[in-house]
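File shown: run06.txt (compact mmCIF, N, CA and C atoms and all ligand atoms).
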```txt
# COMPACT_ATOMS: atom_id res chain seq x y z
N MET A 1 55.85 145.20 283.88
CA MET A 1 54.71 144.42 283.35
C MET A 1 54.44 143.24 284.28
N ASN A 2 53.26 143.21 284.87
CA ASN A 2 52.81 142.08 285.69
C ASN A 2 52.92 140.79 284.88
N LYS A 3 53.32 139.69 285.48
CA LYS A 3 53.57 138.47 284.71
C LYS A 3 52.30 137.89 284.08
N ASN A 4 51.14 138.26 284.59
CA ASN A 4 49.90 137.76 284.00
C ASN A 4 49.34 138.67 282.91
N GLU A 5 49.98 139.82 282.72
CA GLU A 5 49.45 140.76 281.72
C GLU A 5 49.91 140.37 280.32
N THR A 6 49.05 140.65 279.36
CA THR A 6 49.39 140.44 277.95
C THR A 6 48.97 141.69 277.17
N ASP A 7 49.39 141.73 275.92
CA ASP A 7 49.15 142.91 275.09
C ASP A 7 48.20 142.59 273.94
N THR A 8 47.50 143.59 273.49
CA THR A 8 46.67 143.46 272.29
C THR A 8 46.65 144.78 271.55
N LEU A 9 46.10 144.76 270.35
CA LEU A 9 46.02 145.98 269.55
C LEU A 9 44.57 146.41 269.37
N ALA A 10 44.33 147.68 269.57
CA ALA A 10 43.03 148.29 269.24
C ALA A 10 43.28 149.42 268.25
N ILE A 11 42.29 149.69 267.41
CA ILE A 11 42.32 150.89 266.56
C ILE A 11 41.00 151.62 266.74
N VAL A 12 41.06 152.85 267.23
CA VAL A 12 39.88 153.71 267.17
C VAL A 12 39.77 154.13 265.70
N LYS A 13 38.69 153.69 265.05
CA LYS A 13 38.56 153.82 263.60
C LYS A 13 38.16 155.25 263.20
N PRO A 14 38.27 155.55 261.89
CA PRO A 14 38.02 156.93 261.44
C PRO A 14 36.64 157.47 261.80
N ASP A 15 35.61 156.63 261.86
CA ASP A 15 34.28 157.14 262.23
C ASP A 15 34.30 157.72 263.64
N ALA A 16 34.87 156.96 264.58
CA ALA A 16 34.88 157.38 265.98
C ALA A 16 35.92 158.47 266.23
N PHE A 17 37.10 158.33 265.63
CA PHE A 17 38.14 159.34 265.85
C PHE A 17 37.69 160.68 265.28
N GLY A 18 37.12 160.64 264.08
CA GLY A 18 36.74 161.88 263.39
C GLY A 18 35.55 162.58 264.03
N SER A 19 34.76 161.86 264.80
CA SER A 19 33.60 162.48 265.45
C SER A 19 33.85 162.73 266.94
N GLY A 20 35.13 162.72 267.33
CA GLY A 20 35.48 163.14 268.68
C GLY A 20 35.15 162.15 269.78
N LYS A 21 35.16 160.85 269.44
CA LYS A 21 34.81 159.84 270.46
C LYS A 21 36.03 159.14 271.04
N ALA A 22 37.23 159.49 270.57
CA ALA A 22 38.41 158.75 271.02
C ALA A 22 38.60 158.84 272.53
N GLY A 23 38.43 160.02 273.09
CA GLY A 23 38.63 160.20 274.53
C GLY A 23 37.68 159.34 275.35
N ARG A 24 36.41 159.32 274.94
CA ARG A 24 35.43 158.51 275.68
C ARG A 24 35.74 157.03 275.55
N ILE A 25 36.20 156.61 274.35
CA ILE A 25 36.52 155.19 274.15
C ILE A 25 37.73 154.80 275.00
N ILE A 26 38.76 155.65 275.03
CA ILE A 26 39.93 155.35 275.87
C ILE A 26 39.52 155.28 277.34
N ALA A 27 38.71 156.23 277.79
CA ALA A 27 38.26 156.22 279.19
C ALA A 27 37.48 154.95 279.49
N HIS A 28 36.65 154.53 278.55
CA HIS A 28 35.88 153.29 278.71
C HIS A 28 36.82 152.10 278.89
N LEU A 29 37.85 152.03 278.04
CA LEU A 29 38.78 150.89 278.10
C LEU A 29 39.63 150.96 279.36
N GLU A 30 40.04 152.15 279.77
CA GLU A 30 40.78 152.26 281.04
C GLU A 30 39.89 151.82 282.20
N GLY A 31 38.63 152.16 282.13
CA GLY A 31 37.69 151.73 283.17
C GLY A 31 37.50 150.23 283.19
N ALA A 32 37.76 149.58 282.05
CA ALA A 32 37.67 148.12 281.95
C ALA A 32 39.02 147.46 282.28
N GLY A 33 39.95 148.24 282.78
CA GLY A 33 41.20 147.65 283.29
C GLY A 33 42.38 147.67 282.34
N PHE A 34 42.22 148.28 281.17
CA PHE A 34 43.33 148.33 280.21
C PHE A 34 44.22 149.54 280.47
N ARG A 35 45.51 149.36 280.21
CA ARG A 35 46.43 150.50 280.20
C ARG A 35 46.88 150.74 278.77
N VAL A 36 46.96 152.00 278.38
CA VAL A 36 47.48 152.35 277.06
C VAL A 36 49.00 152.39 277.18
N VAL A 37 49.66 151.43 276.53
CA VAL A 37 51.12 151.33 276.60
C VAL A 37 51.78 152.15 275.49
N ALA A 38 51.09 152.26 274.36
CA ALA A 38 51.57 153.07 273.24
C ALA A 38 50.35 153.47 272.41
N ALA A 39 50.43 154.61 271.77
CA ALA A 39 49.33 155.06 270.90
C ALA A 39 49.90 156.01 269.86
N THR A 40 49.22 156.07 268.73
CA THR A 40 49.62 156.99 267.68
C THR A 40 48.38 157.41 266.90
N VAL A 41 48.48 158.49 266.18
CA VAL A 41 47.39 158.89 265.28
C VAL A 41 47.94 158.82 263.87
N LYS A 42 47.19 158.15 263.00
CA LYS A 42 47.74 157.84 261.68
C LYS A 42 46.63 157.86 260.65
N HIS A 43 46.90 158.48 259.50
CA HIS A 43 45.97 158.39 258.38
C HIS A 43 46.52 157.30 257.46
N LEU A 44 45.86 156.14 257.46
CA LEU A 44 46.37 154.99 256.70
C LEU A 44 46.33 155.27 255.20
N THR A 45 47.36 154.81 254.50
CA THR A 45 47.33 154.80 253.03
C THR A 45 46.54 153.57 252.58
N ARG A 46 46.16 153.54 251.31
CA ARG A 46 45.45 152.35 250.82
C ARG A 46 46.32 151.09 250.94
N PRO A 47 47.60 151.13 250.55
CA PRO A 47 48.42 149.91 250.72
C PRO A 47 48.50 149.48 252.19
N GLU A 48 48.56 150.43 253.11
CA GLU A 48 48.61 150.05 254.53
C GLU A 48 47.31 149.40 254.97
N ALA A 49 46.18 149.98 254.60
CA ALA A 49 44.89 149.40 254.99
C ALA A 49 44.70 148.02 254.34
N GLN A 50 45.09 147.91 253.09
CA GLN A 50 44.99 146.61 252.39
C GLN A 50 45.86 145.56 253.07
N ALA A 51 47.05 145.97 253.50
CA ALA A 51 47.96 145.02 254.16
C ALA A 51 47.43 144.64 255.54
N PHE A 52 46.95 145.63 256.29
CA PHE A 52 46.46 145.34 257.64
C PHE A 52 45.29 144.37 257.59
N TYR A 53 44.38 144.56 256.62
CA TYR A 53 43.18 143.72 256.52
C TYR A 53 43.31 142.65 255.44
N ALA A 54 44.54 142.24 255.12
CA ALA A 54 44.77 141.28 254.03
C ALA A 54 43.96 140.00 254.21
N VAL A 55 43.72 139.60 255.45
CA VAL A 55 42.96 138.37 255.71
C VAL A 55 41.54 138.47 255.15
N HIS A 56 41.04 139.68 254.95
CA HIS A 56 39.67 139.88 254.44
C HIS A 56 39.65 140.19 252.94
N ARG A 57 40.78 140.03 252.23
CA ARG A 57 40.83 140.57 250.86
C ARG A 57 39.86 139.92 249.89
N GLU A 58 39.40 138.70 250.17
CA GLU A 58 38.42 138.05 249.28
C GLU A 58 36.99 138.39 249.65
N ARG A 59 36.79 139.09 250.76
CA ARG A 59 35.42 139.38 251.21
C ARG A 59 34.78 140.47 250.36
N PRO A 60 33.47 140.40 250.17
CA PRO A 60 32.80 141.41 249.33
C PRO A 60 32.93 142.83 249.88
N PHE A 61 33.14 142.97 251.20
CA PHE A 61 33.21 144.30 251.80
C PHE A 61 34.63 144.86 251.82
N PHE A 62 35.61 144.14 251.23
CA PHE A 62 37.01 144.55 251.38
C PHE A 62 37.28 145.96 250.84
N ASP A 63 36.85 146.24 249.61
CA ASP A 63 37.16 147.56 249.03
C ASP A 63 36.49 148.68 249.82
N SER A 64 35.27 148.42 250.26
CA SER A 64 34.56 149.41 251.06
C SER A 64 35.26 149.61 252.41
N LEU A 65 35.74 148.52 253.00
CA LEU A 65 36.46 148.62 254.28
C LEU A 65 37.74 149.44 254.11
N VAL A 66 38.44 149.23 253.00
CA VAL A 66 39.67 150.00 252.75
C VAL A 66 39.31 151.48 252.53
N ASP A 67 38.24 151.74 251.78
CA ASP A 67 37.78 153.14 251.60
C ASP A 67 37.54 153.79 252.97
N PHE A 68 36.81 153.07 253.81
CA PHE A 68 36.47 153.61 255.14
C PHE A 68 37.72 153.83 255.98
N MET A 69 38.60 152.85 256.02
CA MET A 69 39.77 152.94 256.91
C MET A 69 40.78 153.99 256.44
N THR A 70 40.66 154.41 255.16
CA THR A 70 41.55 155.46 254.66
C THR A 70 40.83 156.81 254.55
N SER A 71 39.60 156.88 255.09
CA SER A 71 38.79 158.10 254.92
C SER A 71 39.20 159.22 255.87
N GLY A 72 40.03 158.91 256.87
CA GLY A 72 40.47 159.92 257.83
C GLY A 72 41.43 159.28 258.81
N PRO A 73 41.93 160.06 259.77
CA PRO A 73 42.88 159.49 260.73
C PRO A 73 42.22 158.45 261.65
N CYS A 74 43.04 157.54 262.11
CA CYS A 74 42.61 156.57 263.10
C CYS A 74 43.64 156.55 264.23
N MET A 75 43.34 155.82 265.30
CA MET A 75 44.22 155.84 266.46
C MET A 75 44.54 154.42 266.92
N PRO A 76 45.63 153.85 266.38
CA PRO A 76 46.08 152.54 266.87
C PRO A 76 46.62 152.67 268.29
N MET A 77 46.33 151.65 269.11
CA MET A 77 46.78 151.66 270.51
C MET A 77 47.23 150.27 270.91
N LEU A 78 48.32 150.23 271.64
CA LEU A 78 48.79 148.98 272.25
C LEU A 78 48.24 148.97 273.67
N LEU A 79 47.37 147.99 273.95
CA LEU A 79 46.68 147.93 275.25
C LEU A 79 47.15 146.73 276.05
N ARG A 80 47.20 146.90 277.35
CA ARG A 80 47.72 145.84 278.24
C ARG A 80 46.80 145.62 279.44
N ARG A 81 46.56 144.36 279.74
CA ARG A 81 45.89 143.93 280.99
C ARG A 81 45.99 142.41 281.05
N GLU A 82 45.49 141.82 282.12
CA GLU A 82 45.44 140.36 282.15
C GLU A 82 44.46 139.90 281.07
N ASN A 83 44.84 138.83 280.36
CA ASN A 83 43.95 138.24 279.36
C ASN A 83 43.48 139.26 278.33
N ALA A 84 44.41 140.06 277.84
CA ALA A 84 44.06 141.25 277.06
C ALA A 84 43.22 140.96 275.82
N VAL A 85 43.56 139.92 275.06
CA VAL A 85 42.85 139.70 273.78
C VAL A 85 41.37 139.40 274.01
N PRO A 86 41.03 138.35 274.78
CA PRO A 86 39.59 138.09 274.97
C PRO A 86 38.88 139.18 275.76
N GLU A 87 39.58 139.81 276.70
CA GLU A 87 38.92 140.86 277.49
C GLU A 87 38.60 142.08 276.62
N LEU A 88 39.48 142.40 275.66
CA LEU A 88 39.18 143.53 274.79
C LEU A 88 38.03 143.19 273.85
N ARG A 89 38.01 141.96 273.32
CA ARG A 89 36.90 141.55 272.46
C ARG A 89 35.57 141.68 273.21
N ARG A 90 35.61 141.26 274.50
CA ARG A 90 34.40 141.34 275.32
C ARG A 90 33.99 142.80 275.53
N ALA A 91 34.97 143.66 275.79
CA ALA A 91 34.66 145.06 276.09
C ALA A 91 34.12 145.82 274.88
N ILE A 92 34.51 145.40 273.67
CA ILE A 92 34.06 146.17 272.49
C ILE A 92 32.75 145.63 271.92
N GLY A 93 32.42 144.36 272.14
CA GLY A 93 31.16 143.80 271.67
C GLY A 93 31.21 143.31 270.23
N ALA A 94 30.09 142.82 269.76
CA ALA A 94 29.99 142.20 268.43
C ALA A 94 30.30 143.20 267.32
N THR A 95 30.77 142.67 266.17
CA THR A 95 31.12 143.49 265.00
C THR A 95 29.98 144.43 264.63
N ASP A 96 28.76 143.90 264.60
CA ASP A 96 27.58 144.69 264.25
C ASP A 96 27.02 145.33 265.53
N PRO A 97 27.00 146.66 265.60
CA PRO A 97 26.53 147.29 266.85
C PRO A 97 25.11 146.89 267.22
N ALA A 98 24.31 146.49 266.22
CA ALA A 98 22.94 146.05 266.51
C ALA A 98 22.94 144.77 267.34
N GLU A 99 24.06 144.03 267.27
CA GLU A 99 24.17 142.77 268.01
C GLU A 99 25.08 142.90 269.23
N ALA A 100 25.69 144.06 269.41
CA ALA A 100 26.64 144.23 270.52
C ALA A 100 25.88 144.37 271.84
N GLU A 101 26.43 143.72 272.87
CA GLU A 101 25.81 143.76 274.19
C GLU A 101 25.77 145.19 274.73
N ASP A 102 24.72 145.51 275.46
CA ASP A 102 24.60 146.84 276.07
C ASP A 102 25.86 147.19 276.85
N GLY A 103 26.30 148.42 276.73
CA GLY A 103 27.43 148.88 277.52
C GLY A 103 28.78 148.63 276.87
N THR A 104 28.81 147.90 275.75
CA THR A 104 30.07 147.69 275.05
C THR A 104 30.40 148.92 274.20
N VAL A 105 31.68 149.01 273.80
CA VAL A 105 32.11 150.18 273.02
C VAL A 105 31.30 150.31 271.73
N ARG A 106 31.08 149.20 271.06
CA ARG A 106 30.34 149.30 269.79
C ARG A 106 28.87 149.61 270.02
N ALA A 107 28.27 149.08 271.07
CA ALA A 107 26.87 149.42 271.36
C ALA A 107 26.76 150.92 271.63
N LEU A 108 27.77 151.47 272.29
CA LEU A 108 27.71 152.89 272.66
C LEU A 108 28.09 153.83 271.52
N TYR A 109 29.08 153.43 270.69
CA TYR A 109 29.71 154.41 269.80
C TYR A 109 29.71 154.04 268.32
N ALA A 110 29.39 152.80 267.94
CA ALA A 110 29.49 152.41 266.53
C ALA A 110 28.25 152.85 265.75
N GLU A 111 28.46 153.08 264.44
CA GLU A 111 27.37 153.51 263.56
C GLU A 111 26.76 152.33 262.81
N SER A 112 27.60 151.39 262.38
CA SER A 112 27.13 150.29 261.53
C SER A 112 28.14 149.16 261.59
N LYS A 113 27.83 148.07 260.91
CA LYS A 113 28.73 146.92 260.90
C LYS A 113 30.10 147.28 260.34
N GLU A 114 30.15 148.17 259.37
CA GLU A 114 31.45 148.61 258.82
C GLU A 114 32.03 149.74 259.67
N ARG A 115 31.25 150.78 259.89
CA ARG A 115 31.72 151.94 260.67
C ARG A 115 31.47 151.63 262.15
N ASN A 116 32.30 150.71 262.66
CA ASN A 116 31.99 150.13 263.98
C ASN A 116 32.97 150.58 265.06
N ALA A 117 33.52 151.76 264.91
CA ALA A 117 34.22 152.50 265.99
C ALA A 117 35.59 151.98 266.39
N ILE A 118 35.75 150.65 266.42
CA ILE A 118 37.00 150.12 266.98
C ILE A 118 37.31 148.75 266.41
N HIS A 119 38.59 148.50 266.25
CA HIS A 119 39.10 147.17 265.87
C HIS A 119 39.83 146.59 267.07
N ALA A 120 39.77 145.27 267.21
CA ALA A 120 40.57 144.58 268.23
C ALA A 120 41.12 143.29 267.66
N SER A 121 42.34 142.95 268.01
CA SER A 121 42.94 141.70 267.55
C SER A 121 42.08 140.52 268.00
N ASP A 122 42.02 139.48 267.13
CA ASP A 122 41.14 138.35 267.44
C ASP A 122 41.84 137.14 268.03
N SER A 123 43.17 137.17 268.16
CA SER A 123 43.90 136.06 268.78
C SER A 123 45.25 136.61 269.25
N PRO A 124 45.89 135.95 270.21
CA PRO A 124 47.21 136.41 270.65
C PRO A 124 48.22 136.44 269.50
N GLU A 125 48.13 135.47 268.58
CA GLU A 125 49.06 135.45 267.45
C GLU A 125 48.84 136.67 266.56
N ASN A 126 47.58 136.96 266.25
CA ASN A 126 47.31 138.14 265.43
C ASN A 126 47.61 139.43 266.17
N ALA A 127 47.47 139.42 267.50
CA ALA A 127 47.82 140.62 268.27
C ALA A 127 49.29 140.95 268.06
N GLU A 128 50.15 139.95 268.11
CA GLU A 128 51.59 140.21 267.92
C GLU A 128 51.86 140.76 266.52
N ILE A 129 51.20 140.18 265.50
CA ILE A 129 51.39 140.66 264.12
C ILE A 129 50.89 142.11 264.00
N GLU A 130 49.72 142.37 264.57
CA GLU A 130 49.11 143.71 264.44
C GLU A 130 49.86 144.75 265.27
N ILE A 131 50.38 144.36 266.44
CA ILE A 131 51.20 145.28 267.24
C ILE A 131 52.45 145.64 266.45
N SER A 132 53.08 144.65 265.82
CA SER A 132 54.29 144.92 265.03
C SER A 132 53.99 145.86 263.87
N PHE A 133 52.77 145.75 263.31
CA PHE A 133 52.39 146.59 262.17
C PHE A 133 52.51 148.07 262.53
N PHE A 134 52.09 148.43 263.74
CA PHE A 134 52.09 149.85 264.13
C PHE A 134 53.19 150.22 265.11
N PHE A 135 53.65 149.26 265.92
CA PHE A 135 54.53 149.62 267.03
C PHE A 135 55.82 148.81 267.06
N ALA A 136 56.32 148.40 265.93
CA ALA A 136 57.60 147.70 265.90
C ALA A 136 58.65 148.62 266.52
N GLY A 137 59.43 148.10 267.43
CA GLY A 137 60.47 148.91 268.06
C GLY A 137 60.05 149.57 269.35
N THR A 138 58.73 149.52 269.68
CA THR A 138 58.28 150.09 270.95
C THR A 138 58.79 149.24 272.11
N ASP A 139 59.21 149.87 273.18
CA ASP A 139 59.72 149.15 274.34
C ASP A 139 58.55 148.48 275.06
N ARG A 140 58.41 147.18 274.90
CA ARG A 140 57.25 146.46 275.45
C ARG A 140 57.35 146.26 276.96
N LEU A 141 58.51 146.53 277.56
CA LEU A 141 58.67 146.34 279.00
C LEU A 141 58.32 147.60 279.77
N SER A 142 58.17 148.70 279.08
CA SER A 142 57.91 149.95 279.79
C SER A 142 56.42 150.07 280.10
N GLY A 143 56.10 151.08 280.89
CA GLY A 143 54.69 151.33 281.20
C GLY A 143 54.28 150.59 282.43
P1 LIG A 201 37.08 144.65 262.38
O1 LIG A 201 36.88 144.00 263.70
O2 LIG A 201 38.08 145.73 262.27
O3 LIG A 201 37.43 143.52 261.30
C1 LIG A 201 37.11 143.63 259.93
C2 LIG A 201 36.22 144.79 259.65
O4 LIG A 201 35.50 144.69 258.45
C3 LIG A 201 35.14 144.88 260.71
O5 LIG A 201 35.67 145.26 261.94
C4 LIG A 201 34.18 145.85 260.06
O6 LIG A 201 34.64 147.20 260.10
C5 LIG A 201 34.26 145.36 258.63
N1 LIG A 201 33.20 144.39 258.34
C6 LIG A 201 33.05 143.16 258.80
N2 LIG A 201 31.96 142.55 258.28
C7 LIG A 201 31.41 143.46 257.46
C8 LIG A 201 30.28 143.44 256.63
N3 LIG A 201 29.48 142.36 256.53
N4 LIG A 201 30.02 144.53 255.91
C9 LIG A 201 30.82 145.61 256.00
N5 LIG A 201 31.93 145.68 256.78
C10 LIG A 201 32.21 144.62 257.50
```
Write the structure described by the file as structure tokens, please.
Ligand code: CMP
Amino acid sequence: MNKNETDTLAIVKPDAFGSGKAGRIIAHLEGAGFRVVAATVKHLTRPEAQAFYAVHRERPFFDSLVDFMTSGPCMPMLLRRENAVPELRRAIGATDPAEAEDGTVRALYAESKERNAIHASDSPENAEIEISFFFAGTDRLSG
């Protein structure tokens, strides 16, 4: 691991994974300089989705978000590059694809503000929490 590299978490969400967009999204992120250090395919249970998105539990869209995130398999990935957290946020674009900059993952592949193709950690602190959620025990020095 290059000393300037950091890690972040992405999830290819059920809308994108289920419609066969995972490969294109991974290729897009690799083209933006990210390396996939670990990945898995997982169908989240309701308790898992509720726990992962606990920070949003008071939001009006929470139950719908949990329904969506448990509607099919998703693909959590541990991604690495320099400045990984802000660079991934930049590469995926705004939450609402209608507001996402041209060429971003959400502009290209998202359906709506909820079914928005991909999740990315919003801070280095949350990246560590979210990486542990899916990849506790993964060898972070490899790759
Ligand atoms: P994500 O970046 O994973 O973080 C929280 C998720 O909640 C977000 O992407 C969307 O999938 C969803 N979300 C955020 N805001 C809204 C909203 N206003 N209506 C519906 N879903 C939302």
> Got a sec: who's within 7 Å of range 29-46 of chain A, counting only C-alpha atoms, leaving out chain neighbours fewer than 2 positions off, as a PyMOL selection string?
Replying inline: chain A and resi 25-27+48-50+66+69-70+72-81+143
Would you mind exporting the chosen residues as a PDB file, in the frame of the given file, restricted to N, CA and C atoms?
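Written out: selection_18.pdb:
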```
ATOM      1  N   ILE A  25      36.200 156.610 274.350  1.00  0.00           N
ATOM      2  CA  ILE A  25      36.520 155.190 274.150  1.00  0.00           C
ATOM      3  C   ILE A  25      37.730 154.800 275.000  1.00  0.00           C
ATOM      4  N   ILE A  26      38.760 155.650 275.030  1.00  0.00           N
ATOM      5  CA  ILE A  26      39.930 155.350 275.870  1.00  0.00           C
ATOM      6  C   ILE A  26      39.520 155.280 277.340  1.00  0.00           C
ATOM      7  N   ALA A  27      38.710 156.230 277.790  1.00  0.00           N
ATOM      8  CA  ALA A  27      38.260 156.220 279.190  1.00  0.00           C
ATOM      9  C   ALA A  27      37.480 154.950 279.490  1.00  0.00           C
ATOM     10  N   GLU A  48      48.560 150.430 253.110  1.00  0.00           N
ATOM     11  CA  GLU A  48      48.610 150.050 254.530  1.00  0.00           C
ATOM     12  C   GLU A  48      47.310 149.400 254.970  1.00  0.00           C
ATOM     13  N   ALA A  49      46.180 149.980 254.600  1.00  0.00           N
ATOM     14  CA  ALA A  49      44.890 149.400 254.990  1.00  0.00           C
ATOM     15  C   ALA A  49      44.700 148.020 254.340  1.00  0.00           C
ATOM     16  N   GLN A  50      45.090 147.910 253.090  1.00  0.00           N
ATOM     17  CA  GLN A  50      44.990 146.610 252.390  1.00  0.00           C
ATOM     18  C   GLN A  50      45.860 145.560 253.070  1.00  0.00           C
ATOM     19  N   VAL A  66      38.440 149.230 253.000  1.00  0.00           N
ATOM     20  CA  VAL A  66      39.670 150.000 252.750  1.00  0.00           C
ATOM     21  C   VAL A  66      39.310 151.480 252.530  1.00  0.00           C
ATOM     22  N   MET A  69      38.600 152.850 256.020  1.00  0.00           N
ATOM     23  CA  MET A  69      39.770 152.940 256.910  1.00  0.00           C
ATOM     24  C   MET A  69      40.780 153.990 256.440  1.00  0.00           C
ATOM     25  N   THR A  70      40.660 154.410 255.160  1.00  0.00           N
ATOM     26  CA  THR A  70      41.550 155.460 254.660  1.00  0.00           C
ATOM     27  C   THR A  70      40.830 156.810 254.550  1.00  0.00           C
ATOM     28  N   GLY A  72      40.030 158.910 256.870  1.00  0.00           N
ATOM     29  CA  GLY A  72      40.470 159.920 257.830  1.00  0.00           C
ATOM     30  C   GLY A  72      41.430 159.280 258.810  1.00  0.00           C
ATOM     31  N   PRO A  73      41.930 160.060 259.770  1.00  0.00           N
ATOM     32  CA  PRO A  73      42.880 159.490 260.730  1.00  0.00           C
ATOM     33  C   PRO A  73      42.220 158.450 261.650  1.00  0.00           C
ATOM     34  N   CYS A  74      43.040 157.540 262.110  1.00  0.00           N
ATOM     35  CA  CYS A  74      42.610 156.570 263.100  1.00  0.00           C
ATOM     36  C   CYS A  74      43.640 156.550 264.230  1.00  0.00           C
ATOM     37  N   MET A  75      43.340 155.820 265.300  1.00  0.00           N
ATOM     38  CA  MET A  75      44.220 155.840 266.460  1.00  0.00           C
ATOM     39  C   MET A  75      44.540 154.420 266.920  1.00  0.00           C
ATOM     40  N   PRO A  76      45.630 153.850 266.380  1.00  0.00           N
ATOM     41  CA  PRO A  76      46.080 152.540 266.870  1.00  0.00           C
ATOM     42  C   PRO A  76      46.620 152.670 268.290  1.00  0.00           C
ATOM     43  N   MET A  77      46.330 151.650 269.110  1.00  0.00           N
ATOM     44  CA  MET A  77      46.780 151.660 270.510  1.00  0.00           C
ATOM     45  C   MET A  77      47.230 150.270 270.910  1.00  0.00           C
ATOM     46  N   LEU A  78      48.320 150.230 271.640  1.00  0.00           N
ATOM     47  CA  LEU A  78      48.790 148.980 272.250  1.00  0.00           C
ATOM     48  C   LEU A  78      48.240 148.970 273.670  1.00  0.00           C
ATOM     49  N   LEU A  79      47.370 147.990 273.950  1.00  0.00           N
ATOM     50  CA  LEU A  79      46.680 147.930 275.250  1.00  0.00           C
ATOM     51  C   LEU A  79      47.150 146.730 276.050  1.00  0.00           C
ATOM     52  N   ARG A  80      47.200 146.900 277.350  1.00  0.00           N
ATOM     53  CA  ARG A  80      47.720 145.840 278.240  1.00  0.00           C
ATOM     54  C   ARG A  80      46.800 145.620 279.440  1.00  0.00           C
ATOM     55  N   ARG A  81      46.560 144.360 279.740  1.00  0.00           N
ATOM     56  CA  ARG A  81      45.890 143.930 280.990  1.00  0.00           C
ATOM     57  C   ARG A  81      45.990 142.410 281.050  1.00  0.00           C
ATOM     58  N   GLY A 143      56.100 151.080 280.890  1.00  0.00           N
ATOM     59  CA  GLY A 143      54.690 151.330 281.200  1.00  0.00           C
ATOM     60  C   GLY A 143      54.280 150.590 282.430  1.00  0.00           C
TER      61      GLY A 143
END
```
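Closest approach to ligand LIG 201 (chain A) from the set A:Glu58, A:Asp102, A:Glu87, A:Asp122 is made by A:Asp122, with distances taken over all atoms listed in the file.
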>> To one decimal place in Å, what is the distance between CA of Leu65 in chain A and CA of Ala94 in chain A?
In response: 16.8 Å
>> Under the rule that only N, CA and C atoms are counted, which of A:Arg140, A:Ser121, A:Ile131, A:Pro14 is the nearest residue to Pro86 in chain A?
In response: A:Ser121
> Which residues sit within 6.5 Å of ligand LIG 201 (chain A), counting all atoms listed in the file, listed as number ranges by chain?
Replying inline: A: 61, 65, 95, 113-116, 118-120
Write a file of the just-selected residues containing N, CA and C atoms, as a PDB file, keeping the file's coordinate frame.
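Saved result, selection.pdb, follows:
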```pdb
ATOM      1  N   PHE A  61      33.140 142.970 251.200  1.00  0.00           N
ATOM      2  CA  PHE A  61      33.210 144.300 251.800  1.00  0.00           C
ATOM      3  C   PHE A  61      34.630 144.860 251.820  1.00  0.00           C
ATOM      4  N   LEU A  65      35.740 148.520 253.000  1.00  0.00           N
ATOM      5  CA  LEU A  65      36.460 148.620 254.280  1.00  0.00           C
ATOM      6  C   LEU A  65      37.740 149.440 254.110  1.00  0.00           C
ATOM      7  N   THR A  95      30.770 142.670 266.170  1.00  0.00           N
ATOM      8  CA  THR A  95      31.120 143.490 265.000  1.00  0.00           C
ATOM      9  C   THR A  95      29.980 144.430 264.630  1.00  0.00           C
ATOM     10  N   LYS A 113      27.830 148.070 260.910  1.00  0.00           N
ATOM     11  CA  LYS A 113      28.730 146.920 260.900  1.00  0.00           C
ATOM     12  C   LYS A 113      30.100 147.280 260.340  1.00  0.00           C
ATOM     13  N   GLU A 114      30.150 148.170 259.370  1.00  0.00           N
ATOM     14  CA  GLU A 114      31.450 148.610 258.820  1.00  0.00           C
ATOM     15  C   GLU A 114      32.030 149.740 259.670  1.00  0.00           C
ATOM     16  N   ARG A 115      31.250 150.780 259.890  1.00  0.00           N
ATOM     17  CA  ARG A 115      31.720 151.940 260.670  1.00  0.00           C
ATOM     18  C   ARG A 115      31.470 151.630 262.150  1.00  0.00           C
ATOM     19  N   ASN A 116      32.300 150.710 262.660  1.00  0.00           N
ATOM     20  CA  ASN A 116      31.990 150.130 263.980  1.00  0.00           C
ATOM     21  C   ASN A 116      32.970 150.580 265.060  1.00  0.00           C
ATOM     22  N   ILE A 118      35.750 150.650 266.420  1.00  0.00           N
ATOM     23  CA  ILE A 118      37.000 150.120 266.980  1.00  0.00           C
ATOM     24  C   ILE A 118      37.310 148.750 266.410  1.00  0.00           C
ATOM     25  N   HIS A 119      38.590 148.500 266.250  1.00  0.00           N
ATOM     26  CA  HIS A 119      39.100 147.170 265.870  1.00  0.00           C
ATOM     27  C   HIS A 119      39.830 146.590 267.070  1.00  0.00           C
ATOM     28  N   ALA A 120      39.770 145.270 267.210  1.00  0.00           N
ATOM     29  CA  ALA A 120      40.570 144.580 268.230  1.00  0.00           C
ATOM     30  C   ALA A 120      41.120 143.290 267.660  1.00  0.00           C
TER      31      ALA A 120
END
```
> So how many Å separate atom N of Glu111 in chain A and atom N of Asp15 in chain A, to one decimal?
Replying inline: 8.4 Å
>> Using all atoms listed in the file - which residues lie no farther than 8 Å from the point (47.0, 135.6, 271.5) in the file's frame? Write them as a list in words.
In response: Asp7, Thr8, Ala84, Val85, Pro86, Ser121, Asp122, Ser123, Pro124, Glu125, Asn126, Ala127 and Glu128 of chain A
> Within 6 Å of (32.2, 155.8, 266.5), in the coordinates the file gives, what residues turn up when you count only C-alpha atoms, written out as a VMD selection string?
Replying inline: chain A and resid 15 to 16 109 to 110 117
>> So the first atom is atom N of Ile129 in chain A and the second is atom N of Leu9 in chain A; what is the distance between them in Å, to one decimal place?
In response: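 Computing the Euclidean distance for atom N of Ile129 in chain A and atom N of Leu9 in chain A yields 8.4 Å.
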